[in-house]
>>> print(open('my_file.txt').read())   # compact mmCIF, C-alpha atoms
# COMPACT_ATOMS: atom_id res chain seq x y z
CA MET C 1 23.16 16.73 -11.52
CA ARG C 2 20.22 19.11 -11.52
CA ARG C 3 17.42 17.20 -9.84
CA ALA C 4 13.81 18.27 -9.32
CA ILE C 5 10.91 16.73 -7.47
CA CYS C 6 7.32 16.56 -8.70
CA PRO C 7 5.30 15.68 -5.60
CA GLY C 8 1.67 14.59 -5.57
CA SER C 9 -0.74 11.84 -4.67
CA PHE C 10 -1.35 10.93 -8.34
CA ASP C 11 -4.61 9.21 -7.43
CA PRO C 12 -4.71 8.51 -10.31
CA ILE C 13 -2.11 10.13 -12.51
CA HIS C 14 -3.79 11.87 -15.45
CA LEU C 15 -2.57 13.49 -18.67
CA GLY C 16 -2.22 16.91 -17.02
CA HIS C 17 0.28 15.41 -14.57
CA VAL C 18 2.06 13.61 -17.38
CA ALA C 19 2.47 16.80 -19.42
CA VAL C 20 3.96 18.72 -16.47
CA ILE C 21 6.38 15.91 -15.60
CA ARG C 22 7.52 15.50 -19.22
CA ARG C 23 8.12 19.25 -19.44
CA ALA C 24 10.11 19.11 -16.18
CA CYS C 25 12.31 16.45 -17.82
CA ARG C 26 13.34 19.05 -20.39
CA LEU C 27 14.46 21.41 -17.61
CA PHE C 28 16.21 19.01 -15.23
CA GLU C 29 18.52 16.04 -15.64
CA GLU C 30 16.50 13.96 -13.21
CA VAL C 31 12.91 14.30 -12.05
CA ILE C 32 11.77 12.43 -8.99
CA VAL C 33 8.05 11.80 -9.02
CA ALA C 34 7.36 11.60 -5.29
CA VAL C 35 4.07 9.80 -4.70
CA SER C 36 2.50 10.95 -1.46
CA THR C 37 -0.05 9.33 0.79
CA ASN C 38 -2.12 11.68 2.90
CA PRO C 39 -3.47 9.81 5.96
CA ASN C 40 -6.38 12.27 6.10
CA LYS C 41 -7.50 11.43 2.57
CA LYS C 42 -9.32 8.37 1.27
CA HIS C 43 -7.22 7.24 -1.68
CA ARG C 44 -8.84 5.44 -4.61
CA PHE C 45 -5.67 3.44 -5.27
CA ASP C 46 -3.21 2.21 -2.66
CA GLU C 47 0.35 3.53 -2.64
CA GLN C 48 1.86 0.50 -4.38
CA THR C 49 -0.65 0.73 -7.23
CA ARG C 50 -0.04 4.45 -7.68
CA LEU C 51 3.73 3.91 -7.70
CA ARG C 52 3.39 1.10 -10.24
CA LEU C 53 1.15 3.17 -12.53
CA VAL C 54 3.48 6.16 -12.49
CA ARG C 55 6.45 3.90 -13.23
CA GLU C 56 4.58 2.29 -16.13
CA VAL C 57 3.57 5.65 -17.58
CA PHE C 58 7.19 6.89 -17.52
CA ALA C 59 8.91 3.62 -18.44
CA ASP C 60 10.16 5.32 -21.62
CA GLN C 61 11.67 8.25 -19.72
CA PRO C 62 15.05 7.40 -18.12
CA ALA C 63 15.19 10.81 -16.38
CA VAL C 64 12.16 9.95 -14.24
CA VAL C 65 12.61 8.23 -10.89
CA VAL C 66 9.48 7.24 -8.97
CA GLU C 67 9.59 7.06 -5.19
CA PRO C 68 7.14 7.03 -2.29
CA LEU C 69 7.08 10.28 -0.36
CA LYS C 70 7.14 9.45 3.31
CA ALA C 71 5.77 11.63 6.10
CA GLY C 72 7.58 14.85 6.80
CA LEU C 73 8.34 18.13 5.13
CA ILE C 74 8.76 18.17 1.36
CA ALA C 75 11.54 20.74 1.88
CA ASP C 76 13.50 18.24 3.99
CA TYR C 77 12.87 15.48 1.43
CA ALA C 78 14.19 17.78 -1.32
CA ALA C 79 17.28 18.59 0.74
CA ASP C 80 17.89 14.88 1.47
CA ARG C 81 17.65 14.11 -2.26
CA ASP C 82 19.84 17.08 -3.29
CA ALA C 83 17.02 18.51 -5.38
CA VAL C 84 17.31 22.09 -6.54
CA ALA C 85 13.60 22.53 -7.22
CA LEU C 86 10.09 21.36 -6.68
CA VAL C 87 7.97 21.40 -9.83
CA LYS C 88 4.28 22.22 -9.54
CA GLY C 89 1.77 22.39 -12.36
CA LEU C 90 -0.70 25.26 -12.26
CA ARG C 91 -4.14 25.10 -13.84
CA ASN C 92 -5.49 28.45 -12.65
CA GLY C 93 -5.13 31.30 -10.19
CA ALA C 94 -6.57 29.24 -7.34
CA ASP C 95 -3.71 26.73 -7.77
CA TYR C 96 -1.22 29.62 -7.65
CA ASP C 97 -2.83 31.07 -4.53
CA TYR C 98 -2.65 27.65 -2.86
CA GLU C 99 0.93 26.86 -3.94
CA LEU C 100 2.66 30.22 -3.43
CA PRO C 101 2.71 30.21 0.41
CA MET C 102 4.04 26.63 0.38
CA ALA C 103 6.71 27.60 -2.16
CA THR C 104 7.78 30.51 0.02
CA MET C 105 7.84 28.35 3.15
CA ASN C 106 9.87 25.61 1.44
CA ARG C 107 12.40 28.15 0.18
CA THR C 108 12.63 29.66 3.67
CA LEU C 109 13.12 26.25 5.32
CA THR C 110 15.81 24.74 3.10
CA GLY C 111 16.38 27.03 0.13
CA VAL C 112 14.63 24.74 -2.35
CA GLU C 113 13.00 26.70 -5.15
CA THR C 114 9.60 25.94 -6.62
CA VAL C 115 9.16 26.06 -10.38
CA PHE C 116 5.59 26.64 -11.52
CA VAL C 117 4.74 25.08 -14.87
CA PRO C 118 1.53 26.28 -16.51
CA GLY C 119 -0.74 23.40 -17.43
CA GLU C 120 -1.50 22.49 -21.02
CA PRO C 121 -4.52 24.57 -22.10
CA SER C 122 -6.41 21.51 -23.34
CA LEU C 123 -5.96 19.78 -19.96
CA LEU C 124 -6.61 22.61 -17.51
CA HIS C 125 -9.96 21.14 -16.47
CA LEU C 126 -8.44 17.88 -15.25
CA SER C 127 -8.03 16.74 -11.68
CA SER C 128 -7.79 13.21 -10.33
CA THR C 129 -11.00 13.76 -8.39
CA LEU C 130 -12.90 14.94 -11.46
CA VAL C 131 -11.60 12.06 -13.57
CA MET C 132 -12.84 9.54 -11.00
CA GLU C 133 -16.18 11.33 -10.58
CA VAL C 134 -16.79 11.30 -14.33
CA HIS C 135 -15.80 7.64 -14.52
CA GLY C 136 -18.03 6.81 -11.54
CA LEU C 137 -20.98 8.27 -13.45
CA ASP C 138 -20.15 6.08 -16.46
CA GLY C 139 -18.42 8.85 -18.38
CA ASP C 140 -15.60 8.11 -20.80
CA VAL C 141 -12.26 9.21 -19.31
CA SER C 142 -10.05 7.58 -21.94
CA ASN C 143 -8.96 10.98 -23.28
CA PHE C 144 -7.84 12.11 -19.83
CA VAL C 145 -5.62 9.30 -18.51
CA PRO C 146 -2.84 7.12 -19.90
CA PRO C 147 -3.93 3.66 -21.12
CA GLN C 148 -2.35 1.93 -18.10
CA VAL C 149 -4.41 4.08 -15.76
CA LEU C 150 -7.63 3.50 -17.69
CA GLU C 151 -7.05 -0.24 -17.40
CA ALA C 152 -6.40 0.09 -13.65
CA ILE C 153 -9.60 2.09 -13.20
CA LYS C 154 -11.60 -0.53 -15.07
CA GLY C 155 -9.89 -3.31 -13.11
CA ARG C 156 -10.81 -1.56 -9.87
CA ASP C 157 -14.44 -1.57 -11.01
CA ARG C 158 -14.33 -5.28 -11.85
CA ALA C 159 -12.87 -6.08 -8.42
CA ALA C 160 -15.55 -4.07 -6.61
>>> encode(input="my_file.txt", output="C-alpha cells")
Amino acid sequence: MRRAICPGSFDPIHLGHVAVIRRACRLFEEVIVAVSTNPNKKHRFDEQTRLRLVREVFADQPAVVVEPLKAGLIADYAADRDAVALVKGLRNGADYDYELPMATMNRTLTGVETVFVPGEPSLLHLSSTLVMEVHGLDGDVSNFVPPQVLEAIKGRDRAA
C-alpha cells in the first residue's frame, strides 16, 4: 500500500488544508493526517478537538486516517508507519523556502520523500492563524473553513 502522511497542527483545519489532503488521496492509497501539538505554541483548540474535527471533515473519505503525531522526528514517524511520502501544501515561495530544508533532512534521515502540492489559487491566502484573527475581529470565515469547524469556532466563542 502506498501511504503518505500530511502532518500539521490543523488549528483549525481550513479549506486550503482540505484541498491538499483530498488531492493527496488521489495520489496515494492511504493518507494519514497526523495532527501535531507543538508545546511551544498556544493552540486555539486542544488535540482531541482538532483530531475530532479532522475526522469529521474526512468522514466521507475512507483513504484518510487521522492520528495524533507524538513528539519526535516526522521522518521516524513516517518510517514507523511505512509511509513513502510526506505531503506538504505550498502557498508561496516562502512556504517552499521553509519546507525544502526539512524535506531534504527527512529524506537524508530515513529516505522518506516529500511531495509538494501547490495550493488552490483561490485559497492561497488562508492560514489557520489568519482565519482565527479574522474571526476574532468579527469577520465572516464561513467561506474558509468546513461547516464543522465553523460550528466549533462559534462554540468556542460561546464557551468563553
>>> atom_distance(input="my_file.txt", atom1="CA of Ala34 (chain C)", atom2="CA of Cys6 (chain C)")
6.0 Å
>>> residues_around(input="my_file.txt", residues="Asp140 (chain C)", least_positions_apart="4", cutoff="10 Å", atoms="only C-alpha atoms", output="list in words")
Val131, Val134, His135, Gly136, Phe144 and Leu150 of chain C
>>> atom_distance(input="my_file.txt", atom1="CA of Lys42 (chain C)", atom2="CA of Val145 (chain C)")
20.1 Å
>>> closest_residue(input="my_file.txt", among="C:Val20, C:Leu130, C:Val33, C:Leu51", to="Leu90 (chain C)", atoms="only C-alpha atoms")
C:Val20
>>> atom_distance(input="my_file.txt", atom1="CA of Arg50 (chain C)", atom2="CA of Pro146 (chain C)")
12.8 Å
>>> closest_residue(input="my_file.txt", among="C:His14, C:Lys41, C:Arg3, C:Lys88", to="Val64 (chain C)", atoms="all atoms listed in the file")
C:Arg3
>>> closest_residue(input="my_file.txt", among="C:Leu53, C:Arg23, C:Thr37, C:Ala59", to="Gly72 (chain C)", atoms="only C-alpha atoms")
C:Thr37
>>> residues_around(input="my_file.txt", residues="Gly119 (chain C)", least_positions_apart="2", cutoff="9 Å", atoms="only C-alpha atoms", output="list in words")
Gly16, His17, Ala19, Val20, Gly89, Leu90, Arg91, Asn92, Val117, Pro121, Ser122, Leu123 and Leu124 of chain C
>>> write_last_selection(input="my_file.txt", atoms="C-alpha atoms", output="mmCIF file, keeping the file's coordinate frame")
data_model
loop_
_atom_site.group_PDB
_atom_site.id
_atom_site.type_symbol
_atom_site.label_atom_id
_atom_site.label_comp_id
_atom_site.auth_asym_id
_atom_site.auth_seq_id
_atom_site.Cartn_x
_atom_site.Cartn_y
_atom_site.Cartn_z
ATOM 1 C CA GLY C 16 -2.220 16.910 -17.020
ATOM 2 C CA HIS C 17 0.280 15.410 -14.570
ATOM 3 C CA ALA C 19 2.470 16.800 -19.420
ATOM 4 C CA VAL C 20 3.960 18.720 -16.470
ATOM 5 C CA GLY C 89 1.770 22.390 -12.360
ATOM 6 C CA LEU C 90 -0.700 25.260 -12.260
ATOM 7 C CA ARG C 91 -4.140 25.100 -13.840
ATOM 8 C CA ASN C 92 -5.490 28.450 -12.650
ATOM 9 C CA VAL C 117 4.740 25.080 -14.870
ATOM 10 C CA PRO C 121 -4.520 24.570 -22.100
ATOM 11 C CA SER C 122 -6.410 21.510 -23.340
ATOM 12 C CA LEU C 123 -5.960 19.780 -19.960
ATOM 13 C CA LEU C 124 -6.610 22.610 -17.510
#
>>> decode(input="my_file.txt", residues="region 72-106 of chain C", atoms="N, CA, C and O atoms", output="mmCIF file, in the first residue's frame")
data_model
loop_
_atom_site.group_PDB
_atom_site.id
_atom_site.type_symbol
_atom_site.label_atom_id
_atom_site.label_comp_id
_atom_site.auth_asym_id
_atom_site.auth_seq_id
_atom_site.Cartn_x
_atom_site.Cartn_y
_atom_site.Cartn_z
ATOM 1 N N GLY C 72 8.807 13.754 18.495
ATOM 2 C CA GLY C 72 9.834 13.021 17.768
ATOM 3 C C GLY C 72 9.928 13.497 16.339
ATOM 4 O O GLY C 72 9.225 14.425 15.920
ATOM 5 N N LEU C 73 10.788 12.854 15.599
ATOM 6 C CA LEU C 73 11.025 13.237 14.212
ATOM 7 C C LEU C 73 9.921 12.719 13.297
ATOM 8 O O LEU C 73 9.533 11.547 13.380
ATOM 9 N N ILE C 74 9.451 13.573 12.419
ATOM 10 C CA ILE C 74 8.434 13.164 11.443
ATOM 11 C C ILE C 74 9.006 12.074 10.535
ATOM 12 O O ILE C 74 8.285 11.167 10.110
ATOM 13 N N ALA C 75 10.296 12.110 10.264
ATOM 14 C CA ALA C 75 10.921 11.078 9.425
ATOM 15 C C ALA C 75 10.818 9.711 10.094
ATOM 16 O O ALA C 75 10.550 8.704 9.421
ATOM 17 N N ASP C 76 11.023 9.661 11.408
ATOM 18 C CA ASP C 76 10.897 8.387 12.130
ATOM 19 C C ASP C 76 9.447 7.916 12.154
ATOM 20 O O ASP C 76 9.161 6.731 11.998
ATOM 21 N N TYR C 77 8.522 8.853 12.354
ATOM 22 C CA TYR C 77 7.094 8.526 12.339
ATOM 23 C C TYR C 77 6.718 7.927 10.975
ATOM 24 O O TYR C 77 6.024 6.912 10.899
ATOM 25 N N ALA C 78 7.196 8.551 9.909
ATOM 26 C CA ALA C 78 6.903 8.057 8.560
ATOM 27 C C ALA C 78 7.465 6.646 8.372
ATOM 28 O O ALA C 78 6.780 5.774 7.824
ATOM 29 N N ALA C 79 8.680 6.424 8.846
ATOM 30 C CA ALA C 79 9.281 5.097 8.730
ATOM 31 C C ALA C 79 8.485 4.066 9.536
ATOM 32 O O ALA C 79 8.221 2.959 9.057
ATOM 33 N N ASP C 80 8.077 4.430 10.747
ATOM 34 C CA ASP C 80 7.285 3.528 11.594
ATOM 35 C C ASP C 80 5.945 3.172 10.959
ATOM 36 O O ASP C 80 5.418 2.085 11.177
ATOM 37 N N ARG C 81 5.393 4.099 10.185
ATOM 38 C CA ARG C 81 4.083 3.886 9.555
ATOM 39 C C ARG C 81 4.214 3.374 8.116
ATOM 40 O O ARG C 81 3.230 3.279 7.403
ATOM 41 N N ASP C 82 5.425 3.071 7.687
ATOM 42 C CA ASP C 82 5.682 2.597 6.321
ATOM 43 C C ASP C 82 5.157 3.559 5.257
ATOM 44 O O ASP C 82 4.643 3.138 4.214
ATOM 45 N N ALA C 83 5.299 4.837 5.518
ATOM 46 C CA ALA C 83 4.870 5.853 4.554
ATOM 47 C C ALA C 83 5.985 6.105 3.551
ATOM 48 O O ALA C 83 7.161 6.148 3.913
ATOM 49 N N VAL C 84 5.601 6.269 2.301
ATOM 50 C CA VAL C 84 6.586 6.552 1.260
ATOM 51 C C VAL C 84 6.792 8.043 1.063
ATOM 52 O O VAL C 84 7.762 8.455 0.426
ATOM 53 N N ALA C 85 5.862 8.857 1.603
ATOM 54 C CA ALA C 85 5.972 10.298 1.359
ATOM 55 C C ALA C 85 5.292 11.104 2.451
ATOM 56 O O ALA C 85 4.349 10.643 3.098
ATOM 57 N N LEU C 86 5.806 12.306 2.588
ATOM 58 C CA LEU C 86 5.133 13.355 3.345
ATOM 59 C C LEU C 86 4.529 14.282 2.300
ATOM 60 O O LEU C 86 5.162 14.548 1.272
ATOM 61 N N VAL C 87 3.327 14.761 2.550
ATOM 62 C CA VAL C 87 2.681 15.680 1.613
ATOM 63 C C VAL C 87 2.558 17.033 2.284
ATOM 64 O O VAL C 87 2.044 17.139 3.397
ATOM 65 N N LYS C 88 3.059 18.048 1.602
ATOM 66 C CA LYS C 88 3.024 19.418 2.120
ATOM 67 C C LYS C 88 2.404 20.326 1.076
ATOM 68 O O LYS C 88 2.795 20.310 -0.098
ATOM 69 N N GLY C 89 1.437 21.123 1.496
ATOM 70 C CA GLY C 89 0.856 22.122 0.618
ATOM 71 C C GLY C 89 1.711 23.373 0.626
ATOM 72 O O GLY C 89 2.232 23.776 1.665
ATOM 73 N N LEU C 90 1.868 23.967 -0.545
ATOM 74 C CA LEU C 90 2.639 25.203 -0.668
ATOM 75 C C LEU C 90 1.748 26.329 -1.168
ATOM 76 O O LEU C 90 1.051 26.176 -2.172
ATOM 77 N N ARG C 91 1.785 27.450 -0.453
ATOM 78 C CA ARG C 91 1.013 28.621 -0.865
ATOM 79 C C ARG C 91 1.861 29.614 -1.641
ATOM 80 O O ARG C 91 1.335 30.393 -2.433
ATOM 81 N N ASN C 92 3.165 29.623 -1.368
ATOM 82 C CA ASN C 92 4.031 30.647 -1.959
ATOM 83 C C ASN C 92 5.492 30.221 -1.820
ATOM 84 O O ASN C 92 5.802 29.160 -1.275
ATOM 85 N N GLY C 93 6.380 31.076 -2.300
ATOM 86 C CA GLY C 93 7.802 30.797 -2.234
ATOM 87 C C GLY C 93 8.337 30.716 -0.817
ATOM 88 O O GLY C 93 9.271 29.955 -0.543
ATOM 89 N N ALA C 94 7.761 31.488 0.088
ATOM 90 C CA ALA C 94 8.206 31.440 1.486
ATOM 91 C C ALA C 94 7.941 30.054 2.072
ATOM 92 O O ALA C 94 8.771 29.529 2.821
ATOM 93 N N ASP C 95 6.779 29.463 1.744
ATOM 94 C CA ASP C 95 6.495 28.096 2.201
ATOM 95 C C ASP C 95 7.542 27.134 1.656
ATOM 96 O O ASP C 95 8.046 26.266 2.365
ATOM 97 N N TYR C 96 7.886 27.273 0.377
ATOM 98 C CA TYR C 96 8.884 26.399 -0.244
ATOM 99 C C TYR C 96 10.232 26.553 0.456
ATOM 100 O O TYR C 96 10.893 25.560 0.787
ATOM 101 N N ASP C 97 10.628 27.797 0.691
ATOM 102 C CA ASP C 97 11.913 28.044 1.347
ATOM 103 C C ASP C 97 11.947 27.445 2.750
ATOM 104 O O ASP C 97 12.993 26.971 3.207
ATOM 105 N N TYR C 98 10.829 27.452 3.435
ATOM 106 C CA TYR C 98 10.733 26.879 4.780
ATOM 107 C C TYR C 98 10.749 25.350 4.735
ATOM 108 O O TYR C 98 11.396 24.695 5.544
ATOM 109 N N GLU C 99 10.017 24.773 3.780
ATOM 110 C CA GLU C 99 9.831 23.320 3.717
ATOM 111 C C GLU C 99 10.995 22.565 3.072
ATOM 112 O O GLU C 99 11.247 21.407 3.427
ATOM 113 N N LEU C 100 11.703 23.174 2.132
ATOM 114 C CA LEU C 100 12.741 22.446 1.405
ATOM 115 C C LEU C 100 13.848 21.894 2.306
ATOM 116 O O LEU C 100 14.197 20.706 2.169
ATOM 117 N N PRO C 101 14.419 22.666 3.235
ATOM 118 C CA PRO C 101 15.452 22.070 4.096
ATOM 119 C C PRO C 101 14.925 20.900 4.934
ATOM 120 O O PRO C 101 15.633 19.907 5.137
ATOM 121 N N MET C 102 13.670 21.007 5.399
ATOM 122 C CA MET C 102 13.092 19.899 6.166
ATOM 123 C C MET C 102 12.908 18.675 5.279
ATOM 124 O O MET C 102 13.166 17.542 5.707
ATOM 125 N N ALA C 103 12.464 18.891 4.041
ATOM 126 C CA ALA C 103 12.284 17.776 3.113
ATOM 127 C C ALA C 103 13.615 17.070 2.856
ATOM 128 O O ALA C 103 13.694 15.836 2.852
ATOM 129 N N THR C 104 14.654 17.849 2.677
ATOM 130 C CA THR C 104 15.975 17.281 2.430
ATOM 131 C C THR C 104 16.476 16.516 3.655
ATOM 132 O O THR C 104 17.019 15.414 3.541
ATOM 133 N N MET C 105 16.277 17.086 4.832
ATOM 134 C CA MET C 105 16.697 16.421 6.063
ATOM 135 C C MET C 105 15.923 15.119 6.262
ATOM 136 O O MET C 105 16.514 14.078 6.590
ATOM 137 N N ASN C 106 14.620 15.138 6.058
ATOM 138 C CA ASN C 106 13.811 13.926 6.232
ATOM 139 C C ASN C 106 14.243 12.825 5.272
ATOM 140 O O ASN C 106 14.340 11.658 5.649
#
